[in-house]
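coords-v2.txt (compact mmCIF, C-alpha atoms)
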```txt
# COMPACT_ATOMS: atom_id res chain seq x y z
CA MET A 1 98.55 64.62 48.05
CA THR A 2 100.52 65.90 45.11
CA ARG A 3 104.23 66.60 45.23
CA TRP A 4 103.51 70.36 45.18
CA SER A 5 101.04 70.16 48.07
CA GLU A 6 103.61 68.12 50.04
CA ILE A 7 106.17 70.87 49.48
CA LEU A 8 103.63 73.59 50.41
CA VAL A 9 102.61 71.90 53.68
CA GLY A 10 106.26 71.31 54.58
CA ALA A 11 107.19 74.90 53.83
CA LEU A 12 104.28 76.25 55.91
CA MET A 13 105.35 74.15 58.87
CA LEU A 14 108.97 75.17 58.60
CA THR A 15 108.06 78.87 58.59
CA ALA A 16 105.86 78.56 61.67
CA PRO A 17 107.17 79.87 65.00
CA ALA A 18 109.36 77.40 66.88
CA CYS A 19 108.21 75.20 69.94
CA ALA A 20 107.32 71.24 71.36
CA PHE A 21 104.00 69.12 71.48
CA THR A 22 101.88 66.06 71.38
CA LYS A 23 99.48 66.62 74.24
CA PRO A 24 95.83 67.02 73.25
CA ILE A 25 95.17 69.30 76.24
CA ALA A 26 97.16 72.49 76.85
CA PHE A 27 95.89 74.09 80.06
CA ALA A 28 92.61 75.39 81.45
CA ASN A 29 91.06 77.94 79.07
CA GLY A 30 93.76 77.19 76.51
CA THR A 31 93.35 76.43 72.83
CA THR A 32 95.57 73.98 70.93
CA VAL A 33 95.94 73.93 67.16
CA MET A 34 97.86 71.05 65.60
CA LEU A 35 98.88 70.29 62.01
CA GLU A 36 100.62 67.09 61.02
CA TYR A 37 101.92 65.89 57.68
CA GLY A 38 102.66 62.16 57.81
CA ALA A 39 104.98 61.22 54.98
CA GLY A 40 102.38 61.32 52.23
CA THR A 41 100.17 58.64 53.79
CA MET A 42 98.38 60.85 56.31
CA TRP A 43 97.77 64.48 57.15
CA GLU A 44 95.69 65.86 59.98
CA ALA A 45 94.53 69.20 61.39
CA GLN A 46 93.03 69.57 64.86
CA ILE A 47 91.75 72.31 67.12
CA PHE A 48 90.83 71.80 70.78
CA TYR A 49 89.69 74.07 73.59
CA ALA A 50 90.26 73.02 77.22
CA PRO A 51 87.72 74.38 79.75
CA GLN A 52 89.69 72.54 82.47
CA TYR A 53 93.26 71.27 82.59
CA ASN A 54 92.05 67.66 82.37
CA TYR A 55 89.77 67.70 79.35
CA SER A 56 89.40 69.41 76.00
CA ALA A 57 86.89 69.34 73.18
CA GLY A 58 87.12 70.20 69.54
CA GLY A 59 87.49 68.62 66.18
CA GLY A 60 89.71 67.72 63.32
CA HIS A 61 90.12 66.47 59.82
CA VAL A 62 92.31 63.56 58.78
CA GLU A 63 93.10 62.15 55.34
CA PHE A 64 94.72 58.81 54.62
CA ASP A 65 96.27 58.00 51.26
CA SER A 66 97.48 54.41 50.98
CA ASP A 67 100.89 53.89 49.48
CA ILE A 68 100.02 50.23 48.81
CA THR A 69 96.62 50.53 47.13
CA THR A 70 94.68 53.43 45.61
CA GLU A 71 92.52 53.79 48.75
CA THR A 72 91.92 57.26 50.16
CA VAL A 73 89.84 58.05 53.24
CA ARG A 74 88.85 61.44 54.63
CA VAL A 75 87.27 61.87 58.08
CA THR A 76 86.01 65.09 59.67
CA TYR A 77 85.28 64.55 63.33
CA ALA A 78 84.39 66.02 66.73
CA ARG A 79 86.40 64.71 69.66
CA LEU A 80 86.66 64.83 73.46
CA ASN A 81 90.10 64.38 75.09
CA TYR A 82 90.48 63.41 78.73
CA LEU A 83 93.56 63.38 80.95
CA LEU A 84 93.06 60.10 82.79
CA HIS A 85 96.05 60.61 85.07
CA ARG A 86 99.06 62.87 85.44
CA TRP A 87 102.11 62.25 87.59
CA ASN A 88 103.85 65.52 88.50
CA LEU A 89 107.20 64.29 89.76
CA GLU A 90 110.06 66.42 91.07
CA SER A 91 111.95 66.39 87.76
CA ALA A 92 109.57 64.62 85.42
CA GLN A 93 105.99 64.46 84.24
CA ALA A 94 103.99 61.49 82.96
CA ASN A 95 100.48 61.44 81.50
CA VAL A 96 97.77 59.07 80.36
CA PHE A 97 95.30 60.59 77.88
CA VAL A 98 92.29 58.96 76.27
CA TRP A 99 89.93 60.32 73.63
CA GLY A 100 86.84 59.47 71.66
CA GLY A 101 84.67 61.06 69.05
CA ALA A 102 82.54 60.72 65.96
CA GLY A 103 82.47 62.11 62.49
CA ALA A 104 81.70 61.78 58.82
CA ALA A 105 83.89 59.85 56.38
CA THR A 106 84.22 59.80 52.62
CA GLY A 107 86.55 57.77 50.44
CA ASN A 108 87.14 56.25 47.04
CA SER A 109 86.47 52.66 48.15
CA PHE A 110 82.86 53.33 49.25
CA SER A 111 80.04 55.58 48.12
CA GLY A 112 78.51 58.52 49.95
CA THR A 113 79.27 59.59 53.49
CA GLU A 114 79.66 57.12 56.34
CA PHE A 115 79.47 57.58 60.09
CA ALA A 116 82.93 57.10 61.62
CA GLY A 117 83.91 56.55 65.24
CA ASN A 118 87.23 57.69 66.68
CA ALA A 119 89.05 56.39 69.79
CA GLY A 120 92.59 56.53 71.04
CA GLY A 121 95.01 57.03 73.86
CA GLN A 122 98.48 58.23 74.71
CA LEU A 123 101.07 57.47 77.37
CA ASP A 124 103.97 59.87 77.75
CA TYR A 125 106.90 60.53 80.05
CA GLU A 126 109.33 63.40 79.94
CA THR A 127 112.13 65.05 81.83
CA ARG A 128 114.11 68.02 80.57
CA ARG A 129 116.47 65.60 78.79
CA VAL A 130 114.41 62.56 77.70
CA TYR A 131 110.98 62.13 76.16
CA ALA A 132 108.93 59.05 75.34
CA SER A 133 105.38 58.69 74.11
CA LEU A 134 103.19 55.91 72.77
CA LYS A 135 100.00 56.87 70.96
CA THR A 136 97.26 54.86 69.28
CA ASP A 137 94.46 56.38 67.23
CA LEU A 138 91.61 54.51 65.55
CA GLN A 139 89.21 55.76 62.87
CA LYS A 140 86.51 53.17 62.20
CA ALA A 141 83.50 52.97 59.90
CA SER A 142 81.70 50.09 58.23
CA ALA A 143 83.93 50.45 55.15
CA PHE A 144 87.31 50.82 56.89
CA SER A 145 89.15 50.50 60.18
CA ILE A 146 92.40 52.47 60.26
CA ARG A 147 94.56 52.46 63.37
CA VAL A 148 97.76 54.48 63.61
CA ASP A 149 100.23 53.49 66.35
CA THR A 150 103.10 55.91 67.01
CA LEU A 151 106.10 55.57 69.30
CA GLN A 152 108.40 58.56 69.85
CA LEU A 153 111.67 58.57 71.78
CA GLY A 154 113.57 61.81 72.22
CA ILE A 155 116.65 63.29 73.79
CA ALA A 156 117.49 66.96 74.35
CA PRO A 157 121.06 68.11 73.76
CA TYR A 158 120.66 70.69 76.57
CA GLN A 159 118.13 71.42 79.29
CA HIS A 160 116.05 74.32 78.02
CA GLU A 161 114.90 77.08 80.33
CA TYR A 162 111.42 78.60 80.32
CA ASN A 163 112.28 81.55 78.06
CA GLN A 164 114.66 79.65 75.76
CA ILE A 165 114.14 77.68 72.55
CA ALA A 166 113.96 73.96 73.35
CA THR A 167 115.62 71.53 70.96
CA TRP A 168 114.90 67.79 70.77
CA PHE A 169 116.19 64.95 68.61
CA LEU A 170 113.59 62.22 68.14
CA VAL A 171 113.09 58.89 66.48
CA GLN A 172 109.57 57.89 65.54
CA ALA A 173 108.21 54.46 64.68
CA ARG A 174 104.72 54.29 63.19
CA GLN A 175 102.47 51.52 61.94
CA TYR A 176 99.21 51.80 59.99
CA THR A 177 96.55 49.14 59.62
CA ASP A 178 94.12 48.68 56.69
CA ASP A 179 96.87 48.64 54.02
CA ILE A 180 97.71 52.31 54.37
CA HIS A 181 101.41 51.52 54.69
CA HIS A 182 103.29 48.25 54.83
CA GLY A 183 105.57 47.60 57.82
CA THR A 184 106.98 50.05 60.32
CA GLU A 185 107.68 53.56 59.11
CA LEU A 186 110.69 55.07 60.88
CA ALA A 187 111.49 58.78 61.02
CA ALA A 188 114.28 60.94 62.43
CA LEU A 189 112.89 64.26 63.66
CA LEU A 190 114.14 67.58 64.94
CA ARG A 191 111.80 69.42 67.31
CA PHE A 192 111.88 73.04 68.48
CA PHE A 193 109.56 74.93 70.78
CA LYS A 194 109.38 78.29 72.48
CA GLY A 195 106.47 80.11 74.08
CA GLY A 196 103.25 78.76 72.64
CA ALA A 197 104.62 77.40 69.39
CA TRP A 198 106.10 74.02 68.53
CA ILE A 199 107.41 72.56 65.31
CA GLU A 200 109.04 69.29 64.39
CA ALA A 201 110.19 68.04 61.03
CA GLY A 202 112.26 65.22 59.67
CA VAL A 203 112.52 62.46 57.14
CA THR A 204 111.27 58.86 57.07
CA ASN A 205 113.19 55.76 56.07
CA GLY A 206 111.30 56.07 52.77
CA GLY A 207 112.81 59.52 52.22
CA LYS A 208 109.54 61.39 52.79
CA LEU A 209 108.76 64.47 54.87
CA GLN A 210 107.29 63.94 58.35
CA ALA A 211 106.32 67.19 60.08
CA MET A 212 104.14 68.64 62.79
CA ALA A 213 103.36 72.12 64.08
CA MET A 214 101.41 72.94 67.22
CA PHE A 215 100.32 76.15 68.86
CA ASN A 216 98.91 76.83 72.34
CA PHE A 217 97.20 80.12 73.13
CA MET B 218 116.80 115.77 114.36
CA ASN B 219 113.19 116.84 114.45
CA PRO B 220 111.14 114.08 116.17
CA TYR B 221 108.49 114.31 113.47
CA ARG B 222 111.18 113.71 110.84
CA ILE B 223 112.49 110.70 112.80
CA PHE B 224 108.94 109.32 112.98
CA LEU B 225 108.44 109.86 109.26
CA VAL B 226 111.73 108.11 108.33
CA ALA B 227 110.86 105.20 110.65
CA LEU B 228 107.39 104.94 109.13
CA LEU B 229 108.75 104.94 105.59
CA SER B 230 111.32 102.26 106.44
CA LEU B 231 108.53 100.07 107.81
CA ALA B 232 106.31 100.58 104.77
CA PRO B 233 107.37 97.45 102.85
CA ILE B 234 106.79 95.31 105.93
CA LEU B 235 103.42 96.92 106.68
CA ALA B 236 102.44 96.51 103.04
CA GLY B 237 103.18 92.76 103.17
CA ALA B 238 105.48 90.52 101.11
CA ALA B 239 106.79 91.73 97.77
CA THR B 240 107.06 88.32 96.18
CA ILE B 241 105.58 84.83 96.42
CA GLU B 242 107.90 81.92 95.61
CA MET B 243 106.33 78.53 94.86
CA HIS B 244 108.11 75.25 94.32
CA VAL B 245 106.25 73.16 91.77
CA ASN B 246 106.50 69.54 90.65
CA GLY B 247 106.17 68.52 87.00
CA LEU B 248 107.85 71.63 85.59
CA VAL B 249 109.81 70.06 82.73
CA CYS B 250 108.52 71.64 79.53
CA ALA B 251 108.25 75.35 78.73
CA PHE B 252 105.61 74.69 76.07
CA CYS B 253 103.32 73.07 78.61
CA ALA B 254 104.14 75.42 81.50
CA GLN B 255 103.08 78.59 79.71
CA GLY B 256 99.58 78.15 81.16
CA ILE B 257 101.02 78.92 84.60
CA GLU B 258 102.27 82.33 83.52
CA LYS B 259 99.08 83.15 81.60
CA LYS B 260 96.87 82.27 84.58
CA LEU B 261 98.96 84.09 87.18
CA ARG B 262 99.26 87.26 85.10
CA LYS B 263 95.46 87.50 84.97
CA LEU B 264 95.19 87.78 88.78
CA PRO B 265 94.58 91.44 89.83
CA ALA B 266 97.35 91.39 92.47
CA THR B 267 100.06 90.14 90.09
CA ALA B 268 102.73 92.59 88.95
CA ASP B 269 105.16 90.12 87.34
CA VAL B 270 105.77 86.37 86.98
CA ILE B 271 108.92 84.26 86.62
CA VAL B 272 109.00 80.55 85.79
CA SER B 273 112.25 78.61 86.21
CA LEU B 274 112.34 75.00 85.05
CA GLU B 275 115.84 74.55 86.47
CA GLN B 276 114.82 75.65 89.99
CA ARG B 277 111.29 74.19 89.66
CA LEU B 278 110.21 77.65 90.77
CA VAL B 279 107.28 79.94 90.02
CA ALA B 280 107.65 83.46 91.47
CA VAL B 281 104.96 86.15 91.53
CA ALA B 282 105.71 89.81 92.22
CA LEU B 283 102.79 91.43 94.01
CA LYS B 284 101.39 94.88 93.43
CA ASP B 285 101.90 97.28 96.36
CA GLY B 286 99.83 96.31 99.39
CA GLN B 287 98.20 93.35 97.68
CA ASP B 288 98.37 89.59 98.19
CA ILE B 289 97.05 86.38 96.67
CA PRO B 290 95.63 83.76 99.07
CA ASP B 291 97.39 80.37 99.12
CA ASP B 292 94.16 78.62 98.07
CA GLU B 293 93.94 80.77 94.96
CA LEU B 294 97.59 80.13 94.10
CA ARG B 295 97.17 76.36 94.50
CA LYS B 296 93.97 76.41 92.43
CA THR B 297 95.64 78.44 89.67
CA LEU B 298 98.60 76.08 89.37
CA THR B 299 96.42 72.97 89.65
CA ASN B 300 94.26 74.32 86.80
CA ALA B 301 97.42 74.73 84.77
CA GLY B 302 98.13 71.03 85.43
CA TYR B 303 100.89 71.23 88.05
CA SER B 304 101.39 70.35 91.74
CA VAL B 305 102.40 73.04 94.24
CA ILE B 306 104.82 71.77 96.89
CA THR B 307 105.59 74.93 98.91
CA ILE B 308 104.44 78.54 98.98
CA GLN B 309 106.70 81.14 100.58
CA ARG B 310 106.32 84.92 100.86
CA THR B 311 109.49 86.99 100.81
CA ASP B 312 110.62 90.59 100.51
CA THR B 313 113.07 89.65 97.75
CA PRO B 314 112.47 91.85 94.69
CA ILE B 315 111.42 89.93 91.58
CA ASP B 316 114.47 91.21 89.67
CA ALA B 317 116.75 89.69 92.31
CA ILE B 318 114.98 86.33 91.86
CA ARG B 319 115.24 86.70 88.09
CA SER B 320 118.97 87.27 88.45
CA ARG B 321 119.29 84.33 90.90
CA VAL B 322 117.69 81.91 88.41
CA GLY B 323 119.81 83.26 85.55
CA GLN B 324 117.07 84.94 83.53
CA SER B 325 117.15 88.35 81.96
CA LYS B 326 114.26 90.80 82.06
CA PRO B 327 112.05 90.38 78.99
```

Since I need it in another form, could you write the structure as structure tokens?
Amino acid sequence: MTRWSEILVGALMLTAPACAFTKPIAFANGTTVMLEYGAGTMWEAQIFYAPQYNYSAGGGHVEFDSDITTETVRVTYARLNYLLHRWNLESAQANVFVWGGAGAATGNSFSGTEFAGNAGGQLDYETRRVYASLKTDLQKASAFSIRVDTLQLGIAPYQHEYNQIATWFLVQARQYTDDIHHGTELAALLRFFKGGAWIEAGVTNGGKLQAMAMFNF
Amino acid sequence: MNPYRIFLVALLSLAPILAGAATIEMHVNGLVCAFCAQGIEKKLRKLPATADVIVSLEQRLVAVALKDGQDIPDDELRKTLTNAGYSVITIQRTDTPIDAIRSRVGQSKP
């Protein structure tokens, strides 16, 4: 991505309505749209529809741009998400999600279009004051195997009510395989959500923008 | 006082009771995030008997105001909240007006 496209994506996300995410399934008969800009090494757009509260189907597009080599990879995929288990506790909720899919990949280190498989999972736990999630997502083809592991830990400065804006402070640690990024990328994020809209944005330890917007309707 | 008038006043005073509960209050587990809980309100508002809905994360409460003379069976309420991804712990019918519940949980009318 160019510097101007980075600025454009960031500006679009910051002007989106405020809210909080990272679950691939919203609710039965709900649609989730997610946009993520990952510090210049990754950006992704997804849309999923959930016929039931425990599964959703849809697709997405992800692009990786190595900051070590000149490698770029683009994958457009269809995906099925499944809520393996949910714990609805008195003052907390925890979830285990898994997903899998397939798509078509192009890139500058191989010719033509390749079949790509996608698999991943997420564990999360949240109360109205603390949030933790661990996510792994793999895109694999014969020419590449890129896995992105993301840990997020968050704390809310106040307990939001249903009709209020929620505010969260988060730290994110992310690792990429396949020489997309060297080492662990850390980010400090600020997250807001209200109604069906969620946005988070922050900066990485490399001084780059990390942002996400999500909408449920 | 005219006996017919007494009968009419008595009948009118009994009307809310004869018509059934005004509000259903449900205590729900897992209510921690407004972004995720919006499915509850969307689903409940689509039910024909629903007049209004309140969700309180603090009280872990979902309240439904019913239209006059109408009700929603417990099975349908449980199914609606389960489909939104939550667990219903108790369901209670009351005559408390929805605005009184809204005030009790510290919310203003939208």

Expected answer as a PyMOL selection string: chain B residues within 12 Å of chain A, all atoms listed in the file: chain B and resi 244-260+270-279+296-306+319+322-327

Deliver the residues from the most recent selection as a file, using C-alpha atoms, as a PDB file, in the coordinates of the input.
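New file again.pdb:
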```
ATOM      1  CA  HIS B 244     108.110  75.250  94.320  1.00  0.00           C
ATOM      2  CA  VAL B 245     106.250  73.160  91.770  1.00  0.00           C
ATOM      3  CA  ASN B 246     106.500  69.540  90.650  1.00  0.00           C
ATOM      4  CA  GLY B 247     106.170  68.520  87.000  1.00  0.00           C
ATOM      5  CA  LEU B 248     107.850  71.630  85.590  1.00  0.00           C
ATOM      6  CA  VAL B 249     109.810  70.060  82.730  1.00  0.00           C
ATOM      7  CA  CYS B 250     108.520  71.640  79.530  1.00  0.00           C
ATOM      8  CA  ALA B 251     108.250  75.350  78.730  1.00  0.00           C
ATOM      9  CA  PHE B 252     105.610  74.690  76.070  1.00  0.00           C
ATOM     10  CA  CYS B 253     103.320  73.070  78.610  1.00  0.00           C
ATOM     11  CA  ALA B 254     104.140  75.420  81.500  1.00  0.00           C
ATOM     12  CA  GLN B 255     103.080  78.590  79.710  1.00  0.00           C
ATOM     13  CA  GLY B 256      99.580  78.150  81.160  1.00  0.00           C
ATOM     14  CA  ILE B 257     101.020  78.920  84.600  1.00  0.00           C
ATOM     15  CA  GLU B 258     102.270  82.330  83.520  1.00  0.00           C
ATOM     16  CA  LYS B 259      99.080  83.150  81.600  1.00  0.00           C
ATOM     17  CA  LYS B 260      96.870  82.270  84.580  1.00  0.00           C
ATOM     18  CA  VAL B 270     105.770  86.370  86.980  1.00  0.00           C
ATOM     19  CA  ILE B 271     108.920  84.260  86.620  1.00  0.00           C
ATOM     20  CA  VAL B 272     109.000  80.550  85.790  1.00  0.00           C
ATOM     21  CA  SER B 273     112.250  78.610  86.210  1.00  0.00           C
ATOM     22  CA  LEU B 274     112.340  75.000  85.050  1.00  0.00           C
ATOM     23  CA  GLU B 275     115.840  74.550  86.470  1.00  0.00           C
ATOM     24  CA  GLN B 276     114.820  75.650  89.990  1.00  0.00           C
ATOM     25  CA  ARG B 277     111.290  74.190  89.660  1.00  0.00           C
ATOM     26  CA  LEU B 278     110.210  77.650  90.770  1.00  0.00           C
ATOM     27  CA  VAL B 279     107.280  79.940  90.020  1.00  0.00           C
ATOM     28  CA  LYS B 296      93.970  76.410  92.430  1.00  0.00           C
ATOM     29  CA  THR B 297      95.640  78.440  89.670  1.00  0.00           C
ATOM     30  CA  LEU B 298      98.600  76.080  89.370  1.00  0.00           C
ATOM     31  CA  THR B 299      96.420  72.970  89.650  1.00  0.00           C
ATOM     32  CA  ASN B 300      94.260  74.320  86.800  1.00  0.00           C
ATOM     33  CA  ALA B 301      97.420  74.730  84.770  1.00  0.00           C
ATOM     34  CA  GLY B 302      98.130  71.030  85.430  1.00  0.00           C
ATOM     35  CA  TYR B 303     100.890  71.230  88.050  1.00  0.00           C
ATOM     36  CA  SER B 304     101.390  70.350  91.740  1.00  0.00           C
ATOM     37  CA  VAL B 305     102.400  73.040  94.240  1.00  0.00           C
ATOM     38  CA  ILE B 306     104.820  71.770  96.890  1.00  0.00           C
ATOM     39  CA  ARG B 319     115.240  86.700  88.090  1.00  0.00           C
ATOM     40  CA  VAL B 322     117.690  81.910  88.410  1.00  0.00           C
ATOM     41  CA  GLY B 323     119.810  83.260  85.550  1.00  0.00           C
ATOM     42  CA  GLN B 324     117.070  84.940  83.530  1.00  0.00           C
ATOM     43  CA  SER B 325     117.150  88.350  81.960  1.00  0.00           C
ATOM     44  CA  LYS B 326     114.260  90.800  82.060  1.00  0.00           C
ATOM     45  CA  PRO B 327     112.050  90.380  78.990  1.00  0.00           C
TER      46      PRO B 327
END
```

Separation of CA of Ala132 in chain A from CA of Gln152 in chain A, in Å and rounded to one decimal: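 Calculated distance between CA of Ala132 in chain A and CA of Gln152 in chain A is 5.5 Å.
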
Separation of CA of Glu242 in chain B from CA of Ala268 in chain B in Å: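 Result for CA of Ala268 in chain B versus CA of Glu242 in chain B: 13.6 Å, one decimal.
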
Selected residue, from B:Thr313, B:Met243, B:Thr267, B:Asn219, that lies nearest to Asp291 in chain B when counting all atoms listed in the file: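 Looking only at the distances to Asp291 in chain B, the closest residue turns out to be B:Met243.
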
Length of the CA of Ala57 in chain A to CA of Gln175 in chain A vector [Å]: 26.2 Å

So that I can see what lies close to Ser66 in chain A, please list as a tab-separated table (two decimals) with C-alpha atoms, keeping the file's coordinate frame the residues with an atom at most 7 Å from it, counting only C-alpha atoms and leaving out residues fewer than 3 positions away in the same chain.
```tsv
chain	number	residue	atom	x	y	z
A	41	THR	CA	100.17	58.64	53.79
A	69	THR	CA	96.62	50.53	47.13
A	70	THR	CA	94.68	53.43	45.61
A	71	GLU	CA	92.52	53.79	48.75
A	72	THR	CA	91.92	57.26	50.16
A	179	ASP	CA	96.87	48.64	54.02
A	180	ILE	CA	97.71	52.31	54.37
A	181	HIS	CA	101.41	51.52	54.69
```

Test item: which residues lie within 7 Å of (108.1, 85.7, 97.3) counting only C-alpha atoms, as an NGL selection string: :B and (238-242 or 280-282 or 309-313)

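Those residues that approach Phe169 in chain A to within 8 Å, counting all atoms listed in the file, are Gly154, Ile155, Ala156, Pro157, Thr167, Val171, Ala188, Leu189, Leu190 and Arg191 of chain A; same-chain residues fewer than 2 positions away are not listed.
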
Long-range neighbours of range 107-116 of chain A as a PyMOL selection string, 9 Å cut-off, all atoms listed in the file, 2 positions minimum in chain: chain A and resi 70-77+101-105+118+139-144

Of the listed residues A:Ser56, A:Thr150, A:Thr31, A:Thr184, that which approaches Asn81 in chain A most closely, counting all atoms listed in the file: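 Ranked by minimum distance to Asn81 in chain A, first place goes to A:Ser56.
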
Missing atoms in range 270-292 of chain B: can you complete it with N, CA and C atoms, as a short mmCIF file (atom, residue, chain, number, x, y, z; two decimals), keeping the file's coordinate frame?
```cif
data_model
loop_
_atom_site.label_atom_id
_atom_site.label_comp_id
_atom_site.auth_asym_id
_atom_site.auth_seq_id
_atom_site.Cartn_x
_atom_site.Cartn_y
_atom_site.Cartn_z
N VAL B 270 105.68 87.83 86.76
CA VAL B 270 105.77 86.37 86.98
C VAL B 270 107.09 85.86 86.39
N ILE B 271 107.73 84.96 87.13
CA ILE B 271 108.92 84.26 86.62
C ILE B 271 108.67 82.76 86.75
N VAL B 272 109.03 82.01 85.72
CA VAL B 272 109.00 80.55 85.79
C VAL B 272 110.41 80.05 85.51
N SER B 273 110.92 79.21 86.41
CA SER B 273 112.25 78.61 86.21
C SER B 273 112.13 77.10 86.24
N LEU B 274 112.38 76.47 85.10
CA LEU B 274 112.34 75.00 85.05
C LEU B 274 113.49 74.41 85.85
N GLU B 275 114.66 75.05 85.79
CA GLU B 275 115.84 74.55 86.47
C GLU B 275 115.62 74.50 87.99
N GLN B 276 115.04 75.57 88.53
CA GLN B 276 114.82 75.65 89.99
C GLN B 276 113.45 75.08 90.38
N ARG B 277 112.66 74.65 89.42
CA ARG B 277 111.29 74.19 89.66
C ARG B 277 110.50 75.25 90.45
N LEU B 278 110.70 76.50 90.02
CA LEU B 278 110.21 77.65 90.77
C LEU B 278 109.24 78.49 89.94
N VAL B 279 108.17 78.93 90.60
CA VAL B 279 107.28 79.94 90.02
C VAL B 279 107.24 81.09 91.02
N ALA B 280 107.63 82.29 90.58
CA ALA B 280 107.65 83.46 91.47
C ALA B 280 106.68 84.51 90.96
N VAL B 281 105.93 85.10 91.89
CA VAL B 281 104.96 86.15 91.53
C VAL B 281 105.31 87.42 92.29
N ALA B 282 105.53 88.50 91.58
CA ALA B 282 105.71 89.81 92.22
C ALA B 282 104.32 90.40 92.44
N LEU B 283 104.11 90.89 93.66
CA LEU B 283 102.79 91.43 94.01
C LEU B 283 102.74 92.94 93.82
N LYS B 284 101.57 93.43 93.47
CA LYS B 284 101.39 94.88 93.43
C LYS B 284 101.40 95.42 94.86
N ASP B 285 101.75 96.69 95.02
CA ASP B 285 101.90 97.28 96.36
C ASP B 285 100.66 97.04 97.22
N GLY B 286 100.91 96.49 98.42
CA GLY B 286 99.83 96.31 99.39
C GLY B 286 98.86 95.21 99.07
N GLN B 287 99.15 94.40 98.05
CA GLN B 287 98.20 93.35 97.68
C GLN B 287 98.79 91.97 97.93
N ASP B 288 97.92 90.97 97.96
CA ASP B 288 98.37 89.59 98.19
C ASP B 288 97.43 88.65 97.42
N ILE B 289 97.88 87.42 97.29
CA ILE B 289 97.05 86.38 96.67
C ILE B 289 96.96 85.23 97.67
N PRO B 290 95.76 84.85 98.08
CA PRO B 290 95.63 83.76 99.07
C PRO B 290 96.24 82.46 98.55
N ASP B 291 96.77 81.66 99.48
CA ASP B 291 97.39 80.37 99.12
C ASP B 291 96.42 79.48 98.33
N ASP B 292 95.16 79.48 98.75
CA ASP B 292 94.16 78.62 98.07
C ASP B 292 94.03 78.99 96.60
#
```
